[in-house]
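Engineer: Below you will find the structure I want to go over with you.
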Amino acid sequence: MTTIPVRSSSLVVVWAMVVITAVISMNGLWHGADGTGWKQTIRSDAKGYYGYLQAFFIRHDLGHEEFVTEYVQYTPTGTLNKYFCGTSLMMAPWFGIGHALALNDQEHPQDGTSVHEQKAISVGGWVYLFIGLLALRALLLGLGVRDGIVAWTLAGLALGTPLIQYAAMQPGWSHVYSFCVIGGFLLAVHRITSSGSRGWTIAAGALLAIIILIRPVNAMVLLAVPVVAGTQTLPMVRGLLQRYWTALGAVLLFAAVIAIQPLLWHVQTGNWTEWGYQGEGFHWDRPEIIKVLFGFRRGLFLWTPIMLLTALGTLLLWRTDRWRSSWSVAYWIFCTYVISSWWIWYYGGGFASRVYIDHYPVLVIPMVLMLQQWTARWWMVARIFIVLCIALNLAQLWQYHNGLLHHECMDREKYAYSFLRFDDAHKDRLGGNYQAPPFNPNGMEMVLEETCGMDDSCTFWSRGKRIQWEGAYTPSTVCLFDRWTEFGLLFQATTDTLPVGRALFLEVGLQRFEARPEGSLHTLGITQIRNAQDSVYFYEPFPINPLPGKVGRWEQLEYRIPVPPLAEGDELSFYFWNKDLRSAFLMDDVFMRVSAVKPY
C-alpha cells in the first residue's frame with residue numbers, strides 16, 4: 001500500500017479550496033445584493049430535499065403536506081415528496097444544528113426557514129466538499145500518483161468546474177453530496193483491494209446505499225470498481241466471496257440504509273414503493289449526446305473544458321493500462337447515455353453541466369494516471385491548460401451571477417455575445433424562453449394552431465393596439481407597444497379546445513421591429529393558467545428578447561414553453577406585458593402552436 005504523505009501540497013490545496021469556498025459563500029450566497037442572500041440557499045430542487053426535514057422534524061405532517069408545485073404531489077392515500085431522501089439524510093445533521101440555534105433565538109422563525117438553518121446547510125456543503133476532496137486525495141495518492149499531480153487535479157476540480165458553484169452558492173442541491181460520497185466509496189474500494197479491510201468493506205455497503213438514495217441512477221458507480229481496482233478486480237471479488245461474513249455485513253448494512261426510502265414512502269402513502277417523478281422520465285431512444293457534451297446550452301466540454309483532459313486520459317491510458325482504459329471508456333459511454341436520455345437533458349436552470357459533478361471522482365482517475373506518465377514539457381502544458389480552465393470557469397461564474405449569462409436558455413449567439421464580457425452594457429440583456437418539450441415517450445400531437453396577422457381578427461389572439469403603418473411586415477397593420485400601452489396581443493384558450501390531463505407544449509413566434517435601441521428590452525412574455533375558480537396557479541414570465549434587437553429591422557422571435565396538464569375549466573393564456581410602460585416597438589404576424597403529450 002502506497003504511503004500517503006501527511007504534509008503535502010495536495011493537503012494544503014484541500015484546505016485552500018475549502019477556505020475559498022467558504023469565502024465565496026459568505027460574500028456571495030450569504031450576503032447577496034441586500035444582505036439576505038442566505039434566503040436563496042433553499043430553493044428549486046433544494047426545497048424538496050429540505051422539505052423532508054421540515055415535514056418530519058418540525059411540522060410532523062409528512063404524508064399530509066400542503067401542495068407545493070416543486071415537490072409535493074397528491075396521491076389517493078397521502079401526499080408524496082417526489083425526491084429520494086439521500087440528500088436530506090446528509091443535510092440532517094446541519095439542519096439539526098441550525099434549528100437548535102433557531103430555537104434559542106426567538107427573533108427568528110421556528111419553521112426551518114431562519115438564517116440559522118440555511119447558513120448551517122451552507123456550512124455542511126463546505127464540510128462535504130472537504131471530505132470529498134480528502135477522500136479523492138487519498139485515493140489518488142494510494143494509486144501511486146505524485147503529490148504535485150494530485151494537488152493540481154484537486155485545484156482544477158474545485159475551481160475549474162461547476163463544483164465550486166454547487167458547494168459555495170447552491171449547497172442545497174445534491175451534487176456536492178454525491179461528489180463526497182462517491183469519492184468515499186471509491187476510496188473504500190481501493191482499500192478493500194489493497195488490504196481486504198473488513199471495516200472498509202462494510203463502509204462501502206453503506207456508502208453505496210447513500211449514493212443510490214441521493215440519485216438512484218448513480219448506482220452506475222459500480223462500473224467504476226474496475227477503474228479503481230485495475231487488474232486486481234477479480235482477485236478482490238474472490239476475496240470478498242471467501243470472507244462471506246464480512247460481505248454479508250456489507251450487504252445487510254446496504255439493505256438497512258436503502259430501506260429508509262421505502263419506510264418514508266410507506267409513512268407518506270401507505271405504499272412500500274412509489275414513483276415521485278410523474279410526468280418525467282428517460283427518452284432512451286433519443287439521447288441528446290452531442291448537445292450534452294458539446295452544446296452551447298450546457299455542453300460539458302464547452303463549459304468545463306478541463307474535462308477534455310479527463311477524456312483524453314481515458315483514451316491515452318490504453319497504451320499502458322488497457323483494463324482501466326476500457327472500463328473508463330465504458331463508464332463514459334454509460335454515464336453520458338443515461339445523462340443525455342433524461343427528458344430535460346440540460347436539467348433546467350443552472351451553471352454549466354452540473355450532473356457530471358457526481359462523477360468527477362471516477363473520471364479523473366485515468367487523467368491523473370496519464371499525467372503521471374507525461375514528460376516535464378507536457379506536464380507544464382497540462383498545468384497551463386488547468387490554469388486557463390480555472391480562469392475561464394471563474395470568469396463565467398462571475399458572469400452568471402451578475403446577469404451576463406442566461407440562467408437556462410444559452411445558445412451559440414448568446415454565448416458569442418457574452419463571451420468574456422464584464423461591462424454593464426452587457427448586463428441583463430439576455431432573455432427568451434426555449435425549453436425542452438415535456439416528457440413524451442410516445443411523442444406529441446398538435447391540438448391547436450393559429451397564425452394571426454394584425455389586419456384581420458383571429459380566433460384565439462385578441463387585444464393589442466393596432467395601427468396602420470406602411471412598413472408593416474405583412475401587409476399594412478401592426479400592433480403598437482408604447483408608453484401608454486401596458487398589455488397587448490393576448491392568446492386565450494380553454495379546455496373547450498385544449499385537452500385535459502396531458503402536458504402541453506407552446507411554440508410561439510412573432511415579428512418584432514424596434515425603431516430605437518432597446519425599444520423592447522423591458523417587455524415580458526407571460527404564460528399563465530387560471531382555474532375555474534379564477535385563481536392563477538401557473539405563472540411564468542420572461543424577457544421577450546433573446547438578444548438585444550437590431551434597430552430598423554424586422555426580426556423573428558420564437559419561444560418554446562412547456563405547460564403542465566390542464567384541469568377541466570382551466571384557461572391557458574399567453575400575453576405580452578409592457579412592464580412599467582418603458583417599451584416602444586412594433587409587432588406583427590404572431591403564431592401559436594399547441595401540442596399535447598400523447599397518452600402513455
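The way I read the labels, and the way they are meant: chains A, B, ... in the order of the C-alpha cells, residue 1 as the first residue of every chain, and ligand 1 as the first ligand shown, with later ones counted on from there.
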Quick one: residues within 12 Å of Val181 of chain A, only C-alpha atoms, excluding same-chain residues fewer than 3 positions away - as a ChimeraX atom specification?
Structural biologist: /A:86-87,90,128-136,174-178,184-188,203-215,218-219,221,357-362
Engineer: DSSP on the backbone, helix (DSSP H, G or I) only: what residues of segment 191-351 of chain A does that give? Format it as a ChimeraX atom specification.
Structural biologist: /A:191-195,198-214,216-242,244-258,260-269,289-294,300-303,307-319,322-341
Engineer: Excluding segment 493-495 of chain A and its own-chain neighbours fewer than 2 positions away, which residues fall within 9 Å of it when counting only C-alpha atoms? Please give them as a list in words.
Structural biologist: Phe460, Phe491, Thr497, Leu498, Pro499, Val500, Leu566, Ala567, Glu568, Gly569, Asp570, Glu571, Leu572 and Ser573 of chain A
Engineer: The selected residues should be written to file as an mmCIF file, in the first residue's frame (atoms: N, CA and C atoms).
Structural biologist:
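result_24.cif, freshly written:
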```
data_model
loop_
_atom_site.group_PDB
_atom_site.id
_atom_site.type_symbol
_atom_site.label_atom_id
_atom_site.label_comp_id
_atom_site.auth_asym_id
_atom_site.auth_seq_id
_atom_site.Cartn_x
_atom_site.Cartn_y
_atom_site.Cartn_z
ATOM 1 N N PHE A 460 -58.131 33.012 -31.466
ATOM 2 C CA PHE A 460 -57.550 32.886 -30.131
ATOM 3 C C PHE A 460 -56.687 34.084 -29.722
ATOM 4 N N PHE A 491 -53.293 35.779 -26.135
ATOM 5 C CA PHE A 491 -53.774 34.481 -26.595
ATOM 6 C C PHE A 491 -54.518 33.817 -25.451
ATOM 7 N N THR A 497 -61.304 23.729 -25.927
ATOM 8 C CA THR A 497 -60.487 23.487 -27.119
ATOM 9 C C THR A 497 -59.295 22.586 -26.816
ATOM 10 N N LEU A 498 -58.697 22.770 -25.652
ATOM 11 C CA LEU A 498 -57.473 22.062 -25.292
ATOM 12 C C LEU A 498 -57.789 20.822 -24.453
ATOM 13 N N PRO A 499 -56.983 19.766 -24.553
ATOM 14 C CA PRO A 499 -57.235 18.544 -23.784
ATOM 15 C C PRO A 499 -56.870 18.728 -22.308
ATOM 16 N N VAL A 500 -57.481 17.948 -21.459
ATOM 17 C CA VAL A 500 -57.161 17.976 -20.032
ATOM 18 C C VAL A 500 -56.278 16.775 -19.702
ATOM 19 N N LEU A 566 -53.697 20.581 -17.974
ATOM 20 C CA LEU A 566 -54.839 21.396 -17.562
ATOM 21 C C LEU A 566 -55.899 20.520 -16.901
ATOM 22 N N ALA A 567 -56.640 21.148 -16.004
ATOM 23 C CA ALA A 567 -57.822 20.508 -15.417
ATOM 24 C C ALA A 567 -59.061 21.106 -16.066
ATOM 25 N N GLU A 568 -60.181 20.398 -15.953
ATOM 26 C CA GLU A 568 -61.421 20.852 -16.569
ATOM 27 C C GLU A 568 -61.751 22.275 -16.097
ATOM 28 N N GLY A 569 -62.043 23.164 -17.057
ATOM 29 C CA GLY A 569 -62.403 24.536 -16.732
ATOM 30 C C GLY A 569 -61.235 25.497 -16.702
ATOM 31 N N ASP A 570 -59.998 25.011 -16.878
ATOM 32 C CA ASP A 570 -58.819 25.898 -16.873
ATOM 33 C C ASP A 570 -58.777 26.753 -18.138
ATOM 34 N N GLU A 571 -58.109 27.889 -18.005
ATOM 35 C CA GLU A 571 -57.881 28.777 -19.147
ATOM 36 C C GLU A 571 -56.391 29.033 -19.287
ATOM 37 N N LEU A 572 -55.837 28.755 -20.466
ATOM 38 C CA LEU A 572 -54.430 28.998 -20.767
ATOM 39 C C LEU A 572 -54.301 30.332 -21.485
ATOM 40 N N SER A 573 -53.374 31.169 -21.006
ATOM 41 C CA SER A 573 -53.157 32.479 -21.615
ATOM 42 C C SER A 573 -51.683 32.687 -21.908
#
```
Engineer: Show me, as a list in words, the residues that have an atom within 10 Å of Thr304 of chain A when counting only C-alpha atoms, minus same-chain residues fewer than 6 positions from it.
Structural biologist: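 Once the adjacent positions are removed, what remains is Leu157, Gly160, Thr161, Pro162, Leu293, Arg298, Ala352, Ser353, Arg354, Cys389, Ile390, Leu392 and Asn393 of chain A.
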Engineer: Given the choices A:Asp482, A:Glu117, A:Asp496, A:Asp411, which gets closest to Pro546 of chain A if the distance is worked out from only C-alpha atoms?
Structural biologist: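 Residue with the minimum atom-to-atom distance to Pro546 of chain A: A:Asp411.
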Engineer: Tell me, counting only C-alpha atoms, for each residue of segment 494-575 of chain A within 12 Å of segment 57-80 of chain A, which pair of atoms is nearest and how far apart they are in Å to one decimal, in rows ordered by chain and increasing number, as a Markdown table.
Structural biologist:
```
| residue | atom | partner | partner_atom | distance |
| --- | --- | --- | --- | --- |
| A:Tyr537 | CA | A:Thr69 | CA | 9.2 |
| A:Phe538 | CA | A:Thr69 | CA | 9.2 |
| A:Tyr539 | CA | A:Thr69 | CA | 11.6 |
| A:Pro564 | CA | A:Thr69 | CA | 10.4 |
```
Engineer: Go ahead and write the residues just picked, C-alpha atoms, as a PDB file, in the first residue's frame.
Structural biologist:
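Dumped everything to result35.pdb:
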```pdb
ATOM      1  CA  TYR A 537     -51.791  28.617 -10.362  1.00  0.00           C
ATOM      2  CA  PHE A 538     -49.173  28.752 -13.121  1.00  0.00           C
ATOM      3  CA  TYR A 539     -47.339  31.965 -13.993  1.00  0.00           C
ATOM      4  CA  PRO A 564     -48.418  21.429 -17.007  1.00  0.00           C
TER       5      PRO A 564
END
```
Engineer: Skip Thr246 of chain A itself and residues of its chain fewer than 2 positions away, then list as a PyMOL selection string all residues within 9 Å of it, counting only C-alpha atoms.
Structural biologist: chain A and resi 198-199+201-202+240-241+243-244+248-251
Engineer: Just write the chosen residues, N, CA and C atoms, as a PDB file, in the first residue's frame.
Structural biologist:
```
ATOM      1  N   ARG A 198     -11.916  -5.260   6.622  1.00  0.00           N
ATOM      2  CA  ARG A 198     -13.303  -5.543   6.987  1.00  0.00           C
ATOM      3  C   ARG A 198     -14.094  -4.251   7.166  1.00  0.00           C
ATOM      4  N   GLY A 199     -13.483  -3.270   7.830  1.00  0.00           N
ATOM      5  CA  GLY A 199     -14.179  -2.009   8.084  1.00  0.00           C
ATOM      6  C   GLY A 199     -14.526  -1.278   6.796  1.00  0.00           C
ATOM      7  N   THR A 201     -14.893  -2.610   3.879  1.00  0.00           N
ATOM      8  CA  THR A 201     -15.887  -3.398   3.145  1.00  0.00           C
ATOM      9  C   THR A 201     -17.292  -3.067   3.621  1.00  0.00           C
ATOM     10  N   ILE A 202     -17.466  -3.032   4.915  1.00  0.00           N
ATOM     11  CA  ILE A 202     -18.789  -2.709   5.469  1.00  0.00           C
ATOM     12  C   ILE A 202     -19.155  -1.264   5.165  1.00  0.00           C
ATOM     13  N   LEU A 240     -13.668 -11.219  -1.421  1.00  0.00           N
ATOM     14  CA  LEU A 240     -14.920 -10.894  -0.734  1.00  0.00           C
ATOM     15  C   LEU A 240     -15.788 -12.136  -0.575  1.00  0.00           C
ATOM     16  N   LEU A 241     -15.820 -12.988  -1.587  1.00  0.00           N
ATOM     17  CA  LEU A 241     -16.625 -14.199  -1.509  1.00  0.00           C
ATOM     18  C   LEU A 241     -16.075 -15.172  -0.466  1.00  0.00           C
ATOM     19  N   ARG A 243     -14.468 -14.133   2.282  1.00  0.00           N
ATOM     20  CA  ARG A 243     -14.786 -13.515   3.587  1.00  0.00           C
ATOM     21  C   ARG A 243     -16.286 -13.230   3.618  1.00  0.00           C
ATOM     22  N   TYR A 244     -17.073 -14.306   3.545  1.00  0.00           N
ATOM     23  CA  TYR A 244     -18.503 -14.140   3.322  1.00  0.00           C
ATOM     24  C   TYR A 244     -19.211 -13.446   4.482  1.00  0.00           C
ATOM     25  N   LEU A 248     -21.414 -10.329   3.913  1.00  0.00           N
ATOM     26  CA  LEU A 248     -22.806 -10.330   4.371  1.00  0.00           C
ATOM     27  C   LEU A 248     -23.101  -9.092   5.205  1.00  0.00           C
ATOM     28  N   GLY A 249     -22.138  -8.706   6.049  1.00  0.00           N
ATOM     29  CA  GLY A 249     -22.319  -7.489   6.851  1.00  0.00           C
ATOM     30  C   GLY A 249     -22.490  -6.268   5.969  1.00  0.00           C
ATOM     31  N   ALA A 250     -21.698  -6.178   4.896  1.00  0.00           N
ATOM     32  CA  ALA A 250     -21.816  -5.043   3.968  1.00  0.00           C
ATOM     33  C   ALA A 250     -23.178  -5.043   3.285  1.00  0.00           C
ATOM     34  N   VAL A 251     -23.638  -6.234   2.889  1.00  0.00           N
ATOM     35  CA  VAL A 251     -24.933  -6.333   2.216  1.00  0.00           C
ATOM     36  C   VAL A 251     -26.068  -5.955   3.168  1.00  0.00           C
TER      37      VAL A 251
END
```
Engineer: Would you kindly return, as a PyMOL selection string, each protein, DNA or RNA residue with an atom no farther than 10 Å from any atom of Leu521 of chain A, considering only C-alpha atoms and excluding same-chain residues fewer than 4 positions away?
Structural biologist: chain A and resi 428-431+514+517+543-549+578-579+582-585
Engineer: So how far away is atom CA of Ile384 of chain A from atom CA of Asp147 of chain A, in Å?
Structural biologist: 17.7 Å
Engineer: Please identify every residue of segment 400-444 of chain A that has at least one atom no farther than 10 Å from an atom of segment 280-291 of chain A, counting only C-alpha atoms, and for each give the shortest atom pair and the distance in Å to one decimal, arranged by chain then increasing number, as CSV.
Structural biologist:
```
residue,atom,partner,partner_atom,distance
A:Pro438,CA,A:Glu280,CA,7.6
A:Phe439,CA,A:Glu280,CA,5.3
A:Asn440,CA,A:His283,CA,7.9
A:Pro441,CA,A:His283,CA,6.2
A:Asn442,CA,A:His283,CA,9.6
```
Engineer: Once you have the residues from the selection above, write them out as a PDB file, in the first residue's frame, restricted to N, CA and C atoms.
Structural biologist:
```pdb
ATOM      1  N   PRO A 438     -42.238  18.623 -22.814  1.00  0.00           N
ATOM      2  CA  PRO A 438     -42.495  17.726 -21.678  1.00  0.00           C
ATOM      3  C   PRO A 438     -42.089  16.294 -22.024  1.00  0.00           C
ATOM      4  N   PHE A 439     -41.974  15.478 -21.007  1.00  0.00           N
ATOM      5  CA  PHE A 439     -41.685  14.054 -21.195  1.00  0.00           C
ATOM      6  C   PHE A 439     -42.753  13.447 -22.098  1.00  0.00           C
ATOM      7  N   ASN A 440     -42.324  12.856 -23.214  1.00  0.00           N
ATOM      8  CA  ASN A 440     -43.291  12.344 -24.175  1.00  0.00           C
ATOM      9  C   ASN A 440     -42.785  11.056 -24.820  1.00  0.00           C
ATOM     10  N   PRO A 441     -42.790   9.946 -24.091  1.00  0.00           N
ATOM     11  CA  PRO A 441     -42.248   8.688 -24.626  1.00  0.00           C
ATOM     12  C   PRO A 441     -42.925   8.217 -25.897  1.00  0.00           C
ATOM     13  N   ASN A 442     -44.193   8.596 -26.104  1.00  0.00           N
ATOM     14  CA  ASN A 442     -44.916   8.201 -27.318  1.00  0.00           C
ATOM     15  C   ASN A 442     -45.092   9.358 -28.296  1.00  0.00           C
TER      16      ASN A 442
END
```
